[in-house]
file model-v1.txt (compact mmCIF, C-alpha atoms)
# COMPACT_ATOMS: atom_id res chain seq x y z
CA MET A 1 -126.54 134.95 -88.91
CA SER A 2 -128.07 134.28 -85.51
CA ALA A 3 -129.61 136.32 -82.75
CA PRO A 4 -130.40 135.76 -79.08
CA ALA A 5 -133.39 133.54 -78.35
CA GLY A 6 -136.70 135.34 -78.52
CA GLY A 7 -139.85 134.99 -76.46
CA ASN A 8 -142.36 132.14 -76.33
CA GLY A 9 -139.61 129.55 -76.37
CA ALA A 10 -138.28 130.61 -79.78
CA GLY A 11 -134.66 129.86 -80.52
CA PRO A 12 -132.16 131.99 -82.42
CA ALA A 13 -133.10 133.44 -85.78
CA ILE A 14 -131.07 131.72 -88.49
CA ASP A 15 -131.42 132.67 -92.12
CA ALA A 16 -133.05 129.95 -94.23
CA GLU A 17 -130.62 130.48 -97.10
CA ALA A 18 -127.68 130.01 -94.75
CA ILE A 19 -129.15 126.67 -93.67
CA ARG A 20 -129.67 125.63 -97.31
CA THR A 21 -126.09 126.57 -98.17
CA GLN A 22 -124.71 124.52 -95.30
CA ALA A 23 -126.95 121.58 -96.17
CA ARG A 24 -125.72 121.60 -99.77
CA THR A 25 -122.16 121.71 -98.49
CA LEU A 26 -122.97 118.50 -96.63
CA GLY A 27 -124.27 116.85 -99.80
CA ILE A 28 -128.00 117.37 -99.33
CA ASP A 29 -129.93 118.10 -102.54
CA LEU A 30 -133.22 119.64 -101.34
CA VAL A 31 -134.08 121.56 -98.18
CA GLY A 32 -137.48 122.73 -96.94
CA PHE A 33 -138.95 124.13 -93.74
CA CYS A 34 -142.30 123.49 -92.07
CA SER A 35 -144.01 123.97 -88.73
CA TRP A 36 -143.72 120.81 -86.64
CA GLN A 37 -146.94 121.49 -84.74
CA ASP A 38 -148.95 121.93 -87.95
CA LEU A 39 -148.49 118.21 -88.66
CA GLU A 40 -150.05 117.16 -85.35
CA ALA A 41 -153.74 117.05 -86.28
CA GLU A 42 -153.52 114.53 -89.12
CA ALA A 43 -150.80 112.30 -87.65
CA PRO A 44 -151.78 108.92 -86.11
CA ASP A 45 -151.38 108.59 -82.36
CA TYR A 46 -148.06 106.73 -82.61
CA ASP A 47 -146.64 109.41 -84.91
CA LYS A 48 -147.78 112.62 -83.21
CA PRO A 49 -145.06 115.28 -83.42
CA SER A 50 -145.79 116.22 -79.79
CA GLN A 51 -144.46 112.81 -78.73
CA LEU A 52 -141.01 113.80 -79.93
CA SER A 53 -140.94 117.43 -78.87
CA THR A 54 -143.20 120.31 -77.93
CA TYR A 55 -140.49 123.00 -77.96
CA LEU A 56 -138.69 122.21 -81.21
CA THR A 57 -141.05 124.11 -83.47
CA ARG A 58 -139.46 123.75 -86.90
CA LEU A 59 -138.72 120.71 -89.02
CA ILE A 60 -136.03 121.09 -91.65
CA VAL A 61 -136.89 118.50 -94.29
CA LEU A 62 -133.91 117.11 -96.17
CA ALA A 63 -133.89 115.13 -99.41
CA LYS A 64 -131.07 113.38 -101.23
CA ARG A 65 -131.43 111.80 -104.63
CA TYR A 66 -129.90 108.50 -105.49
CA PRO A 67 -127.71 108.41 -108.61
CA THR A 68 -129.39 107.70 -111.93
CA GLY A 69 -126.83 104.97 -112.50
CA VAL A 70 -128.13 103.17 -109.42
CA ALA A 71 -131.76 103.60 -110.48
CA ARG A 72 -131.06 102.23 -113.97
CA SER A 73 -129.22 99.10 -112.84
CA PRO A 74 -131.09 95.87 -113.68
CA ASP A 75 -129.59 94.20 -110.57
CA ALA A 76 -132.16 94.57 -107.76
CA ALA A 77 -129.74 93.44 -105.05
CA PHE A 78 -127.18 96.01 -106.17
CA ARG A 79 -129.84 98.75 -106.25
CA GLN A 80 -130.96 97.86 -102.74
CA TYR A 81 -127.44 97.99 -101.33
CA ALA A 82 -126.40 101.15 -103.19
CA ALA A 83 -129.62 102.95 -102.30
CA GLY A 84 -129.12 102.01 -98.66
CA ARG A 85 -125.71 103.67 -98.75
CA VAL A 86 -127.32 106.86 -100.09
CA ALA A 87 -129.83 106.80 -97.22
CA ARG A 88 -126.95 106.39 -94.76
CA HIS A 89 -125.07 109.35 -96.26
CA LEU A 90 -128.21 111.47 -95.91
CA GLU A 91 -128.58 110.67 -92.22
CA GLU A 92 -124.90 111.44 -91.62
CA ALA A 93 -125.40 114.78 -93.38
CA ALA A 94 -128.49 115.46 -91.25
CA GLY A 95 -126.34 114.89 -88.17
CA GLY A 96 -123.78 117.34 -89.49
CA LEU A 97 -126.47 119.95 -90.01
CA ALA A 98 -127.83 119.42 -86.49
CA TYR A 99 -124.38 120.06 -85.01
CA TRP A 100 -123.97 123.12 -87.24
CA LEU A 101 -127.25 124.53 -85.88
CA GLU A 102 -126.22 123.89 -82.28
CA GLU A 103 -122.96 125.72 -82.89
CA ARG A 104 -125.22 128.72 -83.58
CA ASP A 105 -127.09 128.42 -80.28
CA ALA A 106 -130.06 126.48 -81.65
CA ILE A 107 -131.27 123.15 -80.28
CA ALA A 108 -131.54 120.37 -82.84
CA CYS A 109 -132.10 116.64 -83.24
CA ILE A 110 -132.20 114.25 -86.20
CA LEU A 111 -135.43 112.71 -87.47
CA SER A 112 -134.51 109.50 -89.24
CA ALA A 113 -136.32 108.16 -92.28
CA ALA A 114 -136.50 104.70 -90.70
CA ILE A 115 -137.04 104.84 -86.96
CA PRO A 116 -137.27 101.32 -85.48
CA ASP A 117 -140.53 101.86 -83.62
CA LEU A 118 -142.31 98.69 -82.48
CA ARG A 119 -145.55 100.64 -82.05
CA ARG A 120 -145.81 100.80 -85.80
CA GLN A 121 -147.37 98.08 -87.90
CA PRO A 122 -145.62 96.95 -89.93
CA MET A 123 -142.56 97.49 -87.78
CA ALA A 124 -140.27 100.38 -88.69
CA TYR A 125 -141.89 100.69 -92.09
CA ALA A 126 -140.06 103.46 -93.91
CA GLY A 127 -142.47 104.08 -96.72
CA PRO A 128 -142.32 103.04 -100.37
CA GLY A 129 -138.74 102.30 -101.36
CA GLY A 130 -137.45 103.49 -97.98
CA GLN A 131 -138.42 107.07 -98.81
CA GLY A 132 -139.50 107.90 -95.27
CA SER A 133 -142.43 107.65 -92.89
CA LEU A 134 -145.75 109.14 -94.02
CA LEU A 135 -145.26 111.93 -91.48
CA LEU A 136 -141.93 112.85 -93.07
CA ARG A 137 -143.42 112.71 -96.57
CA GLN A 138 -146.31 114.94 -95.48
CA ALA A 139 -143.77 117.32 -93.98
CA ALA A 140 -141.90 117.45 -97.29
CA ALA A 141 -145.15 118.40 -99.04
CA ALA A 142 -145.95 121.03 -96.40
CA ALA A 143 -142.45 122.49 -96.85
CA GLY A 144 -143.00 122.87 -100.59
CA LEU A 145 -140.46 120.25 -101.73
CA GLY A 146 -143.10 118.40 -103.75
CA THR A 147 -146.51 116.78 -103.62
CA LEU A 148 -147.72 113.31 -102.67
CA GLY A 149 -148.21 110.88 -105.53
CA LEU A 150 -150.90 108.26 -106.09
CA ASN A 151 -149.20 105.91 -103.62
CA GLU A 152 -148.28 108.65 -101.10
CA MET A 153 -144.67 108.92 -102.27
CA ILE A 154 -143.27 112.42 -102.21
CA LEU A 155 -142.71 113.58 -105.79
CA THR A 156 -140.25 116.41 -106.35
CA PRO A 157 -139.99 118.58 -109.48
CA GLU A 158 -136.27 117.85 -109.75
CA TYR A 159 -136.02 114.11 -109.04
CA GLY A 160 -139.58 112.81 -108.96
CA PRO A 161 -139.82 110.20 -106.18
CA ARG A 162 -136.20 109.08 -106.53
CA VAL A 163 -135.13 110.67 -103.23
CA PHE A 164 -134.67 109.69 -99.62
CA LEU A 165 -135.85 111.87 -96.76
CA ALA A 166 -134.57 112.79 -93.33
CA GLY A 167 -135.19 115.76 -91.07
CA VAL A 168 -133.75 117.95 -88.37
CA LEU A 169 -136.01 119.24 -85.62
CA THR A 170 -134.93 122.58 -84.22
CA ASP A 171 -136.03 125.58 -82.21
CA ALA A 172 -134.33 127.94 -84.67
CA ALA A 173 -136.65 130.72 -85.80
CA VAL A 174 -136.83 130.22 -89.55
CA ASP A 175 -139.66 130.95 -91.97
CA CYS A 176 -141.70 128.01 -93.24
CA GLY A 177 -142.19 127.14 -96.89
CA GLN A 178 -145.50 126.88 -98.69
CA PRO A 179 -147.04 123.78 -100.34
CA LEU A 180 -146.94 123.65 -104.12
CA GLU A 181 -150.21 124.76 -105.72
CA ASP A 182 -150.43 122.05 -108.38
CA GLU A 183 -150.22 118.26 -108.09
CA LEU A 184 -147.12 116.77 -109.71
CA CYS A 185 -148.67 113.30 -110.04
CA PRO A 186 -150.63 112.88 -113.30
CA GLY A 187 -152.97 110.43 -111.52
CA LEU A 188 -154.66 107.30 -112.83
CA ASP A 189 -156.40 109.03 -115.74
CA GLU A 190 -153.12 110.09 -117.36
CA CYS A 191 -150.56 107.71 -115.91
CA GLY A 192 -151.02 105.02 -113.22
CA ARG A 193 -147.60 103.49 -113.93
CA CYS A 194 -146.84 102.97 -110.25
CA ALA A 195 -150.04 100.94 -109.75
CA GLU A 196 -149.31 98.90 -112.87
CA VAL A 197 -145.81 97.84 -111.80
CA CYS A 198 -146.44 97.32 -108.06
CA PRO A 199 -145.55 93.65 -107.38
CA VAL A 200 -147.95 93.38 -104.42
CA ALA A 201 -150.89 95.44 -105.76
CA ALA A 202 -150.57 97.91 -102.87
CA ILE A 203 -151.48 100.99 -104.95
CA PRO A 204 -154.99 101.98 -106.07
CA ASP A 205 -155.41 100.95 -109.71
CA SER A 206 -158.90 102.21 -110.49
CA ALA A 207 -161.09 105.22 -109.79
CA PRO A 208 -164.05 106.96 -111.38
CA ALA A 209 -163.00 109.36 -114.12
CA GLY A 210 -162.38 112.89 -112.96
CA VAL A 211 -162.08 112.09 -109.25
CA PRO A 212 -159.43 114.34 -107.59
CA LEU A 213 -156.14 112.68 -106.75
CA ARG A 214 -156.56 113.41 -103.04
CA GLU A 215 -159.63 111.13 -102.99
CA VAL A 216 -157.84 108.26 -104.74
CA ARG A 217 -154.41 108.47 -103.16
CA GLY A 218 -153.53 105.56 -100.87
CA LEU A 219 -151.17 102.70 -100.10
CA GLU A 220 -151.60 99.35 -98.37
CA ALA A 221 -148.60 99.68 -96.06
CA GLU A 222 -148.33 96.04 -94.98
CA ALA A 223 -148.27 94.81 -98.57
CA CYS A 224 -145.76 97.50 -99.54
CA ALA A 225 -143.54 96.54 -96.61
CA ARG A 226 -143.34 92.94 -97.82
CA ALA A 227 -141.81 94.18 -101.06
CA CYS A 228 -139.73 97.06 -99.65
CA GLN A 229 -138.45 95.08 -96.67
CA PRO A 230 -138.12 91.47 -97.89
CA PHE A 231 -135.59 90.79 -95.14
CA GLY A 232 -136.52 93.54 -92.69
CA PRO A 233 -137.83 93.44 -89.09
CA ASP A 234 -141.20 91.81 -89.88
CA ARG A 235 -139.52 89.10 -91.93
CA MET A 236 -137.12 88.46 -89.06
CA VAL A 237 -140.04 87.95 -86.63
CA GLU A 238 -141.73 85.53 -89.06
CA HIS A 239 -138.46 83.66 -89.51
CA LEU A 240 -137.91 83.32 -85.76
CA ALA A 241 -141.50 82.12 -85.32
CA ASP A 242 -140.82 79.34 -87.85
CA LEU A 243 -137.64 78.46 -86.00
CA PHE A 244 -139.32 78.24 -82.59
CA ALA A 245 -142.17 76.20 -84.06
CA SER A 246 -139.77 73.58 -85.41
CA LYS A 247 -140.84 70.01 -84.73
CA SER A 248 -137.30 68.71 -84.39
CA ALA A 249 -133.78 69.84 -83.71
CA ALA A 250 -132.80 68.95 -87.26
CA GLU A 251 -135.56 71.15 -88.68
CA ALA A 252 -134.49 74.03 -86.41
CA VAL A 253 -130.89 73.70 -87.57
CA GLU A 254 -132.03 73.67 -91.20
CA ILE A 255 -133.95 76.93 -90.72
CA ALA A 256 -131.12 78.55 -88.74
CA GLU A 257 -128.59 77.70 -91.45
CA SER A 258 -130.84 78.68 -94.35
CA PRO A 259 -130.03 81.45 -96.83
CA ALA A 260 -132.96 83.42 -95.37
CA THR A 261 -131.16 83.66 -92.01
CA GLN A 262 -128.05 84.96 -93.71
CA ARG A 263 -129.99 87.53 -95.71
CA ILE A 264 -131.91 88.78 -92.68
CA PHE A 265 -128.69 89.08 -90.66
CA TYR A 266 -126.91 90.87 -93.49
CA ASN A 267 -129.77 93.28 -94.12
CA LEU A 268 -130.29 94.24 -90.48
CA THR A 269 -126.64 94.48 -89.46
CA VAL A 270 -124.60 95.40 -92.54
CA GLN A 271 -127.03 97.09 -94.89
CA ARG A 272 -129.34 98.55 -92.23
CA GLN A 273 -130.92 101.39 -94.21
CA GLY A 274 -130.78 99.13 -97.25
CA ALA A 275 -133.10 96.72 -95.47
CA TYR A 276 -135.91 99.16 -96.31
CA THR A 277 -135.12 99.73 -100.00
CA GLY A 278 -135.79 96.29 -101.46
CA CYS A 279 -138.45 97.42 -103.91
CA GLN A 280 -138.20 100.60 -105.93
CA SER A 281 -140.57 99.60 -108.74
CA CYS A 282 -142.91 102.58 -108.36
CA GLN A 283 -140.08 105.08 -108.01
CA LEU A 284 -138.32 103.84 -111.13
CA ALA A 285 -141.52 103.83 -113.20
CA CYS A 286 -142.68 107.32 -112.21
CA PRO A 287 -142.18 109.82 -115.07
CA VAL A 288 -142.25 112.87 -112.78
CA GLY A 289 -138.99 114.77 -112.33
CA GLU A 290 -136.44 116.57 -114.45
CA ASP A 291 -134.10 113.59 -114.03
CA TYR A 292 -136.44 111.16 -115.79
CA GLU A 293 -135.25 112.05 -119.30
CA ARG A 294 -131.88 110.55 -118.37
CA PHE A 295 -133.54 107.14 -117.98
CA ASP A 296 -133.97 106.89 -121.75
CA ARG A 297 -130.32 107.31 -122.62

call {"tool": "encode", "arguments": {"input": "model-v1.txt", "output": "C-alpha cells"}}
result
Amino acid sequence: MSAPAGGNGAGPAIDAEAIRTQARTLGIDLVGFCSWQDLEAEAPDYDKPSQLSTYLTRLIVLAKRYPTGVARSPDAAFRQYAAGRVARHLEEAAGGLAYWLEERDAIACILSAAIPDLRRQPMAYAGPGGQGSLLLRQAAAAAGLGTLGLNEMILTPEYGPRVFLAGVLTDAAVDCGQPLEDELCPGLDECGRCAEVCPVAAIPDSAPAGVPLREVRGLEAEACARACQPFGPDRMVEHLADLFASKSAAEAVEIAESPATQRIFYNLTVQRQGAYTGCQSCQLACPVGEDYERFDR
C-alpha cells in the first residue's frame, strides 16, 4: 500500500482507492484529491495554502451529507443543532483518516470547515450553511467532487449542496482528480431558487440572458454570515459592544441576562459547529442532487 518517501519532498505512495475505502469506513461519503499548491494563485492573502504548509502537497477533500430527515424538518433550531452534529462527526472522521495516513508513514493534518481565524471578515465564516470556506469549496471542485453553484456552494451529483466539507493535508503521493466538465447548477435562466429564498438577498438574482454562470456566480459573505451564524462570533462581538456601551448597571445586567446571551453562549460552547449552520435555505431549495427526489415524499 505504501512505499518509501520519494524525491523532491514527496511522501509515501498510497493508493487513492485505499484512502477512499478507509474514509468510507470512517463514515465519510465523498472523497477527492487535489494539488494544494494549485489553489494558491486565486486564494486571498489570508487564505493562501502556503501559509499552512509548503511541503504537504495534497489535499484530500472530504464530504459528508446530512440526513434527508434533518433537511426536511420544519424546525430550524433542530436543523441547526442536528446539522452541527453531522459537521462534528465529519471532523472526527477527518482526524481518524489523518492518523491512518500517519500510520503508513505519511504526514497529515486536518483542515477544518470552520477555522476560527480573526483575519477573516466576517470572523470564522464557514460558507453558506456551514459548508466550508471558499478555499475548501474550490478544492472540492478541483478534486472533481462537484461544481460551484450560483452562490458559490459546492454542488455534488449525489447530494447537491447538502454536504459539509473538511480536508486532510498530506505529503502522501496520490494522484489528483479532475474537475467535472459540465456545470451542475442550472443558473438563473433555468432555476435561481437559491437567490429567491435567500433571507438576506446575498445571492445574485439577475443577469443578462445567456451570460455564463462563472460571470454571475457570487455571494455577499457578510450578509450570508448574518443568516448562517445568527449567534456566531460576529454576533458575540456586537453583543459585547452593546454591553460595554450600557448607560447604567441595570441596563448592562439586562443585556447580560438576555436570551441573546444564552443563545450565543450555547452556540459557541455546546453547538460549536452548529453555530455556523443557522441558515440552510439555499441548500434545501437547490434541486441538484440524486437525493432531491426524496424531498417530495

call {"tool": "residues_around", "arguments": {"input": "model-v1.txt", "residues": "Leu213 of chain A", "least_positions_apart": "3", "cutoff": "7 Å", "atoms": "all atoms listed in the file", "output": "ChimeraX atom specification"}}
result
/A:150,187,216-217

call {"tool": "residues_around", "arguments": {"input": "model-v1.txt", "residues": "Gly84 of chain A", "least_positions_apart": "3", "cutoff": "8 Å", "atoms": "only C-alpha atoms", "output": "MDAnalysis selection string"}}
result
chainID A and resid 80:81 87:88 271:277

call {"tool": "closest_residue", "arguments": {"input": "model-v1.txt", "among": "A:Gly167, A:Gly192, A:Gly289, A:Pro212", "to": "Ile60 of chain A", "atoms": "all atoms listed in the file"}}
result
A:Gly167

call {"tool": "residues_around", "arguments": {"input": "model-v1.txt", "residues": "Leu62 of chain A", "least_positions_apart": "5", "cutoff": "7 Å", "atoms": "only C-alpha atoms", "output": "ChimeraX atom specification"}}
result
/A:28,30-32,165-167

call {"tool": "closest_residue", "arguments": {"input": "model-v1.txt", "among": "A:Cys198, A:Ala18, A:Ala207, A:Cys279", "to": "Arg104 of chain A", "atoms": "all atoms listed in the file"}}
result
A:Ala18

call {"tool": "closest_residue", "arguments": {"input": "model-v1.txt", "among": "A:Ala16, A:Ala172, A:Ala83, A:Ala249", "to": "Ala98 of chain A", "atoms": "all atoms listed in the file"}}
result
A:Ala172

call {"tool": "closest_residue", "arguments": {"input": "model-v1.txt", "among": "A:Leu243, A:Ala250, A:Ala227, A:Leu135", "to": "Gln37 of chain A", "atoms": "all atoms listed in the file"}}
result
A:Leu135

call {"tool": "closest_residue", "arguments": {"input": "model-v1.txt", "among": "A:Leu219, A:Ala63, A:Ala108, A:Leu56", "to": "Thr156 of chain A", "atoms": "all atoms listed in the file"}}
result
A:Ala63

call {"tool": "closest_residue", "arguments": {"input": "model-v1.txt", "among": "A:Gly177, A:Gly232, A:Gly278, A:Gly218", "to": "Ala76 of chain A", "atoms": "only C-alpha atoms"}}
result
A:Gly278

call {"tool": "axis_aligned_box", "arguments": {"input": "model-v1.txt", "around": "segment 186-197 of chain A", "padding_each_side": "5 Å", "output": "AutoDock Vina command-line options"}}
result
--center_x -151.1 --center_y 105.4 --center_z -113.6 --size_x 20.6 --size_y 25.0 --size_z 17.6

call {"tool": "atom_distance", "arguments": {"input": "model-v1.txt", "atom1": "atom CA of Pro230 of chain A", "atom2": "atom CA of Asp47 of chain A"}}
result
23.7 Å

call {"tool": "residues_around", "arguments": {"input": "model-v1.txt", "residues": "Met153 of chain A", "least_positions_apart": "6", "cutoff": "7 Å", "atoms": "only C-alpha atoms", "output": "list in words"}}
result
Pro128, Arg137 and Pro161 of chain A

call {"tool": "write_last_selection", "arguments": {"input": "model-v1.txt", "atoms": "C-alpha atoms", "output": "tab-separated table (two decimals), in the coordinates of the input"}}
result
chain	number	residue	atom	x	y	z
A	128	PRO	CA	-142.32	103.04	-100.37
A	137	ARG	CA	-143.42	112.71	-96.57
A	161	PRO	CA	-139.82	110.20	-106.18

call {"tool": "residues_near_point", "arguments": {"input": "model-v1.txt", "point": "(-140.7, 111.3, -101.2)", "cutoff": "9 Å", "atoms": "only C-alpha atoms", "output": "list in words"}}
result
Ala63, Gly127, Pro128, Gln131, Gly132, Leu136, Arg137, Gln138, Ala140, Ala141, Leu145, Gly146, Thr147, Leu148, Gly149, Glu152, Met153, Ile154, Leu155, Thr156, Gly160, Pro161, Arg162, Val163, Phe164 and Leu165 of chain A

call {"tool": "write_last_selection", "arguments": {"input": "model-v1.txt", "atoms": "C-alpha atoms", "output": "short mmCIF file (atom, residue, chain, number, x, y, z; two decimals), keeping the file's coordinate frame"}}
result
data_model
loop_
_atom_site.label_atom_id
_atom_site.label_comp_id
_atom_site.auth_asym_id
_atom_site.auth_seq_id
_atom_site.Cartn_x
_atom_site.Cartn_y
_atom_site.Cartn_z
CA ALA A 63 -133.89 115.13 -99.41
CA GLY A 127 -142.47 104.08 -96.72
CA PRO A 128 -142.32 103.04 -100.37
CA GLN A 131 -138.42 107.07 -98.81
CA GLY A 132 -139.50 107.90 -95.27
CA LEU A 136 -141.93 112.85 -93.07
CA ARG A 137 -143.42 112.71 -96.57
CA GLN A 138 -146.31 114.94 -95.48
CA ALA A 140 -141.90 117.45 -97.29
CA ALA A 141 -145.15 118.40 -99.04
CA LEU A 145 -140.46 120.25 -101.73
CA GLY A 146 -143.10 118.40 -103.75
CA THR A 147 -146.51 116.78 -103.62
CA LEU A 148 -147.72 113.31 -102.67
CA GLY A 149 -148.21 110.88 -105.53
CA GLU A 152 -148.28 108.65 -101.10
CA MET A 153 -144.67 108.92 -102.27
CA ILE A 154 -143.27 112.42 -102.21
CA LEU A 155 -142.71 113.58 -105.79
CA THR A 156 -140.25 116.41 -106.35
CA GLY A 160 -139.58 112.81 -108.96
CA PRO A 161 -139.82 110.20 -106.18
CA ARG A 162 -136.20 109.08 -106.53
CA VAL A 163 -135.13 110.67 -103.23
CA PHE A 164 -134.67 109.69 -99.62
CA LEU A 165 -135.85 111.87 -96.76
#

call {"tool": "residues_around", "arguments": {"input": "model-v1.txt", "residues": "Arg235 of chain A", "least_positions_apart": "5", "cutoff": "12 Å", "atoms": "only C-alpha atoms", "output": "number ranges by chain"}}
result
A: 122-125, 222, 225-230, 240-242, 260-261, 263-265, 267-268, 275-276

call {"tool": "atom_distance", "arguments": {"input": "model-v1.txt", "atom1": "atom CA of Asp189 of chain A", "atom2": "atom CA of Ala209 of chain A"}}
result
6.8 Å
